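Structure file protein.cif; described as mmCIF, C-alpha atoms.
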data_query
#
loop_
_atom_site.label_atom_id
_atom_site.label_comp_id
_atom_site.auth_asym_id
_atom_site.auth_seq_id
_atom_site.Cartn_x
_atom_site.Cartn_y
_atom_site.Cartn_z
CA MET A 819 127.85 145.72 86.82
CA THR A 820 126.23 148.80 88.26
CA HIS A 821 122.66 147.68 88.84
CA PRO A 822 121.11 149.53 91.84
CA PHE A 823 121.17 146.25 93.82
CA PHE A 824 124.95 146.05 93.53
CA LEU A 825 125.43 149.71 94.47
CA THR A 826 123.06 149.15 97.41
CA TRP A 827 125.11 146.15 98.57
CA ILE A 828 128.33 148.22 98.37
CA THR A 829 126.70 151.09 100.32
CA LEU A 830 125.33 148.73 102.99
CA THR A 831 128.70 147.01 103.42
CA LEU A 832 130.59 150.32 103.63
CA ALA A 833 128.01 151.64 106.14
CA THR A 834 128.53 148.49 108.27
CA LEU A 835 132.31 148.97 108.22
CA LEU A 836 131.90 152.69 108.97
CA SER A 837 129.78 152.05 112.08
CA TRP A 838 132.25 149.40 113.28
CA TRP A 839 135.18 151.77 112.67
CA LEU A 840 133.38 154.66 114.45
CA ASP A 841 132.79 152.39 117.43
CA ILE A 842 136.40 151.32 117.86
CA SER A 843 138.26 154.49 116.93
CA VAL A 844 136.17 157.51 117.91
CA ASN A 845 135.02 158.52 121.37
CA GLY A 846 132.03 160.70 122.05
CA ALA A 847 128.49 160.66 123.33
CA TRP A 848 127.13 161.05 119.78
CA ILE A 849 128.76 157.86 118.46
CA GLY A 850 125.92 155.63 119.74
CA THR A 851 123.31 157.85 118.11
CA ALA A 852 125.30 157.98 114.85
CA VAL A 853 125.62 154.19 114.80
CA LEU A 854 121.85 153.79 115.34
CA LEU A 855 121.02 156.34 112.63
CA ILE A 856 123.35 154.52 110.19
CA ALA A 857 121.54 151.26 111.07
CA PHE A 858 118.10 152.72 110.26
CA PHE A 859 119.48 154.26 107.05
CA LYS A 860 120.62 150.72 106.11
CA ALA A 861 117.25 149.25 107.09
CA ARG A 862 115.47 151.78 104.86
CA LEU A 863 117.77 150.92 101.94
CA VAL A 864 116.92 147.21 102.29
CA LEU A 865 113.19 148.03 102.37
CA MET A 866 113.20 150.48 99.48
CA ILE A 867 115.71 148.87 97.10
CA PHE A 868 116.05 145.12 97.87
CA MET A 869 112.37 144.70 98.82
CA GLU A 870 111.39 147.07 95.98
CA VAL A 871 109.06 149.09 98.19
CA ARG A 872 110.02 152.26 96.27
CA HIS A 873 108.04 150.82 93.30
CA ALA A 874 105.17 149.58 95.49
CA PRO A 875 101.74 151.24 95.89
CA ALA A 876 101.76 154.41 98.01
CA ALA A 877 99.93 152.78 100.95
CA LEU A 878 102.63 150.14 101.42
CA ARG A 879 105.40 152.67 100.86
CA TRP A 880 104.01 154.89 103.61
CA CYS A 881 103.55 151.96 106.00
CA CYS A 882 107.24 151.12 105.56
CA GLU A 883 108.37 154.74 105.89
CA ALA A 884 106.22 155.00 109.03
CA TRP A 885 107.91 151.93 110.52
CA VAL A 886 111.37 153.41 109.84
CA ILE A 887 110.44 156.75 111.46
CA VAL A 888 108.59 155.28 114.47
CA ALA A 889 111.16 152.53 115.15
CA CYS A 890 114.12 154.90 114.74
CA THR A 891 112.53 157.48 117.08
CA ALA A 892 111.63 154.81 119.66
CA VAL A 893 115.08 153.19 119.59
CA VAL A 894 117.11 156.43 119.66
CA GLY A 895 114.71 157.89 122.25
CA THR A 896 115.07 154.86 124.56
CA TYR A 897 118.85 154.96 124.05
CA TRP A 898 118.84 158.54 125.39
CA TYR A 899 116.45 157.74 128.24
CA SER A 900 118.10 158.02 131.62
CA PRO A 901 116.12 156.98 134.72
CA ILE A 902 118.62 158.61 137.13
CA SER A 903 118.35 162.20 135.84
CA MET B 355 100.15 131.15 89.67
CA THR B 356 102.45 130.95 86.68
CA GLY B 357 103.81 133.20 84.01
CA THR B 358 106.18 136.12 83.93
CA VAL B 359 105.92 139.72 84.94
CA SER B 360 107.43 142.83 83.42
CA GLU B 361 111.12 143.71 83.86
CA THR B 362 110.41 147.00 85.61
CA ALA B 363 107.41 146.30 87.83
CA PRO B 364 108.17 144.90 91.31
CA PHE B 365 107.74 141.15 91.78
CA PRO B 366 104.12 140.51 92.86
CA VAL B 367 103.96 139.95 96.61
CA GLU B 368 100.68 139.10 98.33
CA ASP B 369 99.32 141.59 100.90
CA GLY B 370 99.44 138.97 103.66
CA VAL B 371 103.21 138.76 103.29
CA TRP B 372 103.52 142.44 104.17
CA VAL B 373 101.26 141.97 107.19
CA VAL B 374 103.66 139.24 108.42
CA VAL B 375 106.81 141.27 107.61
CA LEU B 376 105.62 144.56 109.14
CA GLY B 377 104.14 142.67 112.12
CA GLU B 378 107.49 140.95 112.75
CA LEU B 379 109.31 144.29 112.43
CA CYS B 380 106.99 145.86 115.02
CA VAL B 381 107.52 142.95 117.45
CA PHE B 382 111.30 143.17 117.03
CA THR B 383 111.13 146.96 117.55
CA LEU B 384 109.46 146.23 120.89
CA PHE B 385 112.36 143.87 121.74
CA PHE B 386 114.92 146.55 120.76
CA THR B 387 113.35 149.21 122.97
CA THR B 388 112.88 146.75 125.88
CA PHE B 389 116.61 145.96 125.70
CA LEU B 390 117.51 149.67 125.70
CA TYR B 391 115.07 150.40 128.54
CA TYR B 392 116.74 147.78 130.79
CA ARG B 393 120.15 148.99 129.63
CA ALA B 394 119.32 152.49 130.94
CA PHE B 395 119.10 151.10 134.51
CA SER B 396 122.56 149.48 134.55
CA PRO B 397 124.66 151.01 131.78
CA GLU B 398 127.98 150.00 133.39
CA LEU B 399 127.05 146.32 133.56
CA PHE B 400 125.73 146.34 129.97
CA GLU B 401 128.91 148.05 128.75
CA GLN B 402 131.16 145.61 130.63
CA SER B 403 129.38 142.62 129.13
CA ARG B 404 129.13 144.14 125.66
CA ALA B 405 132.91 144.54 125.61
CA LEU B 406 133.18 140.74 125.95
CA LEU B 407 131.42 140.20 122.60
CA ARG B 408 133.34 139.62 119.36
CA GLN B 409 132.52 142.74 117.29
CA ASP B 410 134.45 141.30 114.32
CA LEU B 411 132.15 138.25 114.19
CA GLY B 412 129.06 140.47 114.48
CA ALA B 413 130.29 142.62 111.57
CA LEU B 414 131.17 139.52 109.54
CA ASN B 415 127.67 138.11 110.04
CA THR B 416 126.16 141.47 109.02
CA ILE B 417 128.10 141.40 105.74
CA ILE B 418 127.15 137.73 105.20
CA LEU B 419 123.44 138.58 105.55
CA LEU B 420 123.77 141.69 103.34
CA THR B 421 125.34 139.49 100.66
CA SER B 422 122.54 136.93 101.00
CA SER B 423 119.98 139.72 100.60
CA TRP B 424 121.73 140.88 97.42
CA CYS B 425 121.59 137.27 96.13
CA VAL B 426 117.84 137.02 96.87
CA ALA B 427 117.02 140.44 95.36
CA THR B 428 119.02 139.60 92.22
CA ALA B 429 117.39 136.15 91.96
CA VAL B 430 113.91 137.68 92.18
CA ARG B 431 114.87 140.17 89.47
CA ALA B 432 116.10 137.31 87.27
CA LEU B 433 112.82 135.42 87.80
CA ARG B 434 110.93 138.18 85.99
CA SER B 435 112.00 136.67 82.69
CA VAL B 436 111.74 133.00 81.69
CA ASP B 437 115.38 132.87 80.57
CA GLY B 438 116.44 134.30 83.93
CA ARG B 439 115.47 131.14 85.80
CA GLN B 440 118.82 129.48 85.14
CA ARG B 441 120.55 132.50 86.73
CA ALA B 442 118.15 132.62 89.70
CA LEU B 443 118.85 129.10 90.99
CA PRO B 444 122.59 129.57 91.80
CA LEU B 445 121.73 132.93 93.40
CA LEU B 446 119.17 131.27 95.68
CA LEU B 447 121.69 128.56 96.55
CA GLY B 448 124.22 131.35 97.22
CA ALA B 449 121.79 132.96 99.68
CA LEU B 450 121.28 129.57 101.35
CA SER B 451 125.06 129.14 101.66
CA CYS B 452 125.24 132.57 103.31
CA GLY B 453 122.60 131.31 105.77
CA VAL B 454 124.79 128.29 106.56
CA ALA B 455 127.86 130.57 106.94
CA PHE B 456 125.89 132.80 109.35
CA ILE B 457 124.98 129.77 111.49
CA ILE B 458 128.60 128.51 111.53
CA VAL B 459 129.85 131.94 112.68
CA LYS B 460 127.09 132.05 115.31
CA ILE B 461 127.94 128.57 116.62
CA PHE B 462 131.60 129.65 116.81
CA GLU B 463 130.55 132.80 118.69
CA TYR B 464 128.18 131.00 121.10
CA GLY B 465 130.84 128.29 121.62
CA GLY B 466 133.48 130.89 122.49
CA ALA B 467 131.15 132.59 124.96
CA ILE B 468 130.08 129.34 126.63
CA HIS B 469 133.73 128.23 126.78
CA ALA B 470 134.52 131.50 128.60
CA GLY B 471 131.84 130.60 131.16
CA ILE B 472 129.20 132.95 129.77
CA ASN B 473 125.61 131.78 129.42
CA VAL B 474 122.05 133.09 129.40
CA LEU B 475 122.06 133.39 133.22
CA THR B 476 125.37 135.29 133.48
CA ASP B 477 123.72 138.72 133.65
CA GLU B 478 120.91 140.81 132.19
CA PHE B 479 122.92 141.78 129.11
CA PHE B 480 123.68 138.18 128.18
CA MET B 481 120.08 137.16 128.82
CA PHE B 482 119.06 139.71 126.16
CA TYR B 483 122.00 138.75 123.93
CA PHE B 484 121.13 135.06 123.85
CA MET B 485 117.37 135.68 123.66
CA LEU B 486 117.48 138.25 120.83
CA THR B 487 120.12 136.46 118.74
CA GLY B 488 118.39 133.12 119.46
CA ILE B 489 114.98 134.39 118.28
CA HIS B 490 116.68 135.82 115.19
CA LEU B 491 118.44 132.48 114.58
CA LEU B 492 115.11 130.60 114.78
CA HIS B 493 113.67 132.99 112.19
CA LEU B 494 116.76 132.42 110.05
CA LEU B 495 116.12 128.65 110.09
CA VAL B 496 112.52 129.27 108.94
CA GLY B 497 113.87 131.61 106.22
CA MET B 498 116.33 128.95 105.06
CA GLY B 499 113.49 126.42 104.88
CA LEU B 500 111.52 128.86 102.71
CA LEU B 501 114.53 129.52 100.44
CA ALA B 502 115.14 125.77 100.14
CA ALA B 503 111.47 125.22 99.19
CA THR B 504 111.74 128.02 96.62
CA SER B 505 114.91 126.47 95.15
CA VAL B 506 113.22 123.04 94.84
CA ASN B 507 110.16 124.68 93.25
CA LEU B 508 112.39 126.56 90.80
CA ARG B 509 114.39 123.41 89.92
CA ARG B 510 111.14 121.58 89.16
CA ALA B 511 109.87 124.52 87.12
CA ILE B 512 113.09 124.57 85.06
CA ALA B 513 112.95 120.79 84.53
CA SER B 514 109.29 120.67 83.54
CA GLY B 515 109.11 124.04 81.78
CA SER B 516 106.24 125.13 84.03
CA GLY B 517 105.92 128.41 85.95
CA VAL B 518 107.56 129.08 89.27
CA SER B 519 105.28 129.66 92.30
CA GLU B 520 105.04 133.45 92.60
CA PRO B 521 103.50 133.45 96.11
CA LEU B 522 106.37 131.26 97.34
CA VAL B 523 109.04 133.47 95.74
CA GLY B 524 107.35 136.61 97.10
CA PHE B 525 107.03 135.27 100.65
CA SER B 526 110.48 133.67 100.93
CA SER B 527 112.28 136.70 99.49
CA CYS B 528 110.47 139.26 101.68
CA PHE B 529 110.91 137.07 104.78
CA TRP B 530 114.65 136.78 104.06
CA HIS B 531 115.11 140.53 103.61
CA MET B 532 113.19 141.04 106.89
CA LEU B 533 115.76 138.80 108.67
CA ASP B 534 118.58 140.90 107.23
CA LEU B 535 116.79 144.05 108.33
CA VAL B 536 116.40 142.83 111.93
CA TRP B 537 120.09 141.87 112.09
CA ILE B 538 121.06 145.31 110.69
CA ILE B 539 119.53 146.83 113.87
CA LEU B 540 120.59 144.03 116.25
CA PHE B 541 124.28 144.35 115.31
CA PRO B 542 124.80 147.94 116.56
CA LEU B 543 122.32 147.44 119.42
CA LEU B 544 124.14 144.49 120.98
CA TYR B 545 127.72 144.77 119.68
CA LEU B 546 128.42 148.48 119.21
CA LEU B 547 126.34 150.68 121.55
CA ARG B 548 128.37 152.07 124.43
#

Since I need it in another form, could you write the structure as structure tokens?
Amino acid sequence: MTHPFFLTWITLTLATLLSWWLDISVNGAWIGTAVLLIAFFKARLVLMIFMEVRHAPAALRWCCEAWVIVACTAVVGTYWYSPIS
Amino acid sequence: MTGTVSETAPFPVEDGVWVVVLGELCVFTLFFTTFLYYRAFSPELFEQSRALLRQDLGALNTIILLTSSWCVATAVRALRSVDGRQRALPLLLGALSCGVAFIIVKIFEYGGAIHAGINVLTDEFFMFYFMLTGIHLLHLLVGMGLLAATSVNLRRAIASGSGVSEPLVGFSSCFWHMLDLVWIILFPLLYLLR
């Protein structure tokens, strides 16, 4: 069965395992950012495919895209914020 | 609200549902950034405490919720046709079982932490950990109540041959996906970020 929902579920699960694997086996300052970007990629997939926003009216689609962009920027930005610098 | 909708068009969801879902997402985004802001002031302490969490259980719960979301999305797709109702009910019950599994894993996780002498007052990290996962868990209970109500409604509709409540299906499914979405961000935020 290769309905988009099934492919989405596979992608989401693999992305989860990838971010877990990155966390335990790779070192580097960029890992945190990569893990957060993977999370927002997953969040967008849930919105667009599972919640069927990709077929929704443009206004709703843009509201959801705006949330992804604003939330991702805010979260990654705060992650990089350093009060001691 | 009865009847069926086309196979290709998205399931009709009332505008108010999206106000609730996007509103919740904005509130949770505020929680995420507040956590990261406090983390910036004591990164060593947050990292020390984070290392005490069970990443495997966090990943397991992520996959459980992803599976439940697949069940709900597939059930909603099945509900577009009258003959799909029989297929939708076990899928909804599957999503509910995933909810129960999530709670069992969470109880196991909380139990392990409390047994190790960790609680909400241990430090700033664990205050956030218990608060954020607790708020998510409360939402999950509401979501399970909505899914249960949808399952009962669907069972009645199958038995009586009447239509299923579209507003209920629309609200419960979107609310459930929103829970999954929040956990998708919470998992790396609490369990993985170094």

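Of the residues under consideration (B:Leu486, B:Val474, B:Ala467, B:Leu446), B:Leu446 shows the shortest atom-to-atom contact distance to B:Gly499 when counting only C-alpha atoms.
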
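Between chain A and the residues B:Val371, B:Ala413, B:Ile458, B:Leu492, the shortest atom-to-atom distance, using all atoms listed in the file, involves B:Ala413.
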
How close does stretch 827-870 of chain A get to stretch 536-540 of chain B? List, as a Markdown table, each residue of stretch 827-870 of chain A within 12 Å, its nearest atom pair and the distance in Å to one decimal, counting only C-alpha atoms.
| residue | atom | partner | partner_atom | distance |
| --- | --- | --- | --- | --- |
| A:Leu830 | CA | B:Ile538 | CA | 9.4 |
| A:Thr831 | CA | B:Ile538 | CA | 10.7 |
| A:Ala833 | CA | B:Ile538 | CA | 10.4 |
| A:Thr834 | CA | B:Ile538 | CA | 8.5 |
| A:Ser837 | CA | B:Ile538 | CA | 11.1 |
| A:Val853 | CA | B:Ile539 | CA | 9.6 |
| A:Leu854 | CA | B:Ile539 | CA | 7.5 |
| A:Leu855 | CA | B:Ile539 | CA | 9.7 |
| A:Ile856 | CA | B:Ile539 | CA | 9.3 |
| A:Ala857 | CA | B:Ile539 | CA | 5.6 |
| A:Phe858 | CA | B:Ile539 | CA | 7.1 |
| A:Phe859 | CA | B:Ile538 | CA | 9.8 |
| A:Lys860 | CA | B:Ile538 | CA | 7.1 |
| A:Ala861 | CA | B:Ile538 | CA | 6.6 |
| A:Arg862 | CA | B:Ile538 | CA | 10.3 |
| A:Leu863 | CA | B:Ile538 | CA | 10.9 |
| A:Val864 | CA | B:Ile538 | CA | 9.6 |
| A:Leu865 | CA | B:Val536 | CA | 11.3 |

Check your understanding: Counting all atoms listed in the file, which residues of chain B come no farther than 9 Å from chain A, as a ChimeraX atom specification?
Key -> /B:362-365,372,376,379-380,383-384,386-388,390-391,393-395,409-410,413,416-417,420-421,423-424,426-428,527-528,531-532,534-536,538-543,546-548

Selected by the PyMOL selection byres ((chain B and resi 450) around 10) in the shown coordinates: which residues, as a CSV table (one decimal) with C-alpha atoms, keeping the file's coordinate frame?
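The file below, expr-v3.csv, is the result:
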chain,number,residue,atom,x,y,z
B,422,SER,CA,122.5,136.9,101.0
B,425,CYS,CA,121.6,137.3,96.1
B,426,VAL,CA,117.8,137.0,96.9
B,444,PRO,CA,122.6,129.6,91.8
B,445,LEU,CA,121.7,132.9,93.4
B,446,LEU,CA,119.2,131.3,95.7
B,447,LEU,CA,121.7,128.6,96.6
B,448,GLY,CA,124.2,131.4,97.2
B,449,ALA,CA,121.8,133.0,99.7
B,451,SER,CA,125.1,129.1,101.7
B,452,CYS,CA,125.2,132.6,103.3
B,453,GLY,CA,122.6,131.3,105.8
B,454,VAL,CA,124.8,128.3,106.6
B,455,ALA,CA,127.9,130.6,106.9
B,456,PHE,CA,125.9,132.8,109.4
B,497,GLY,CA,113.9,131.6,106.2
B,498,MET,CA,116.3,129.0,105.1
B,499,GLY,CA,113.5,126.4,104.9
B,500,LEU,CA,111.5,128.9,102.7
B,501,LEU,CA,114.5,129.5,100.4
B,502,ALA,CA,115.1,125.8,100.1
B,505,SER,CA,114.9,126.5,95.2
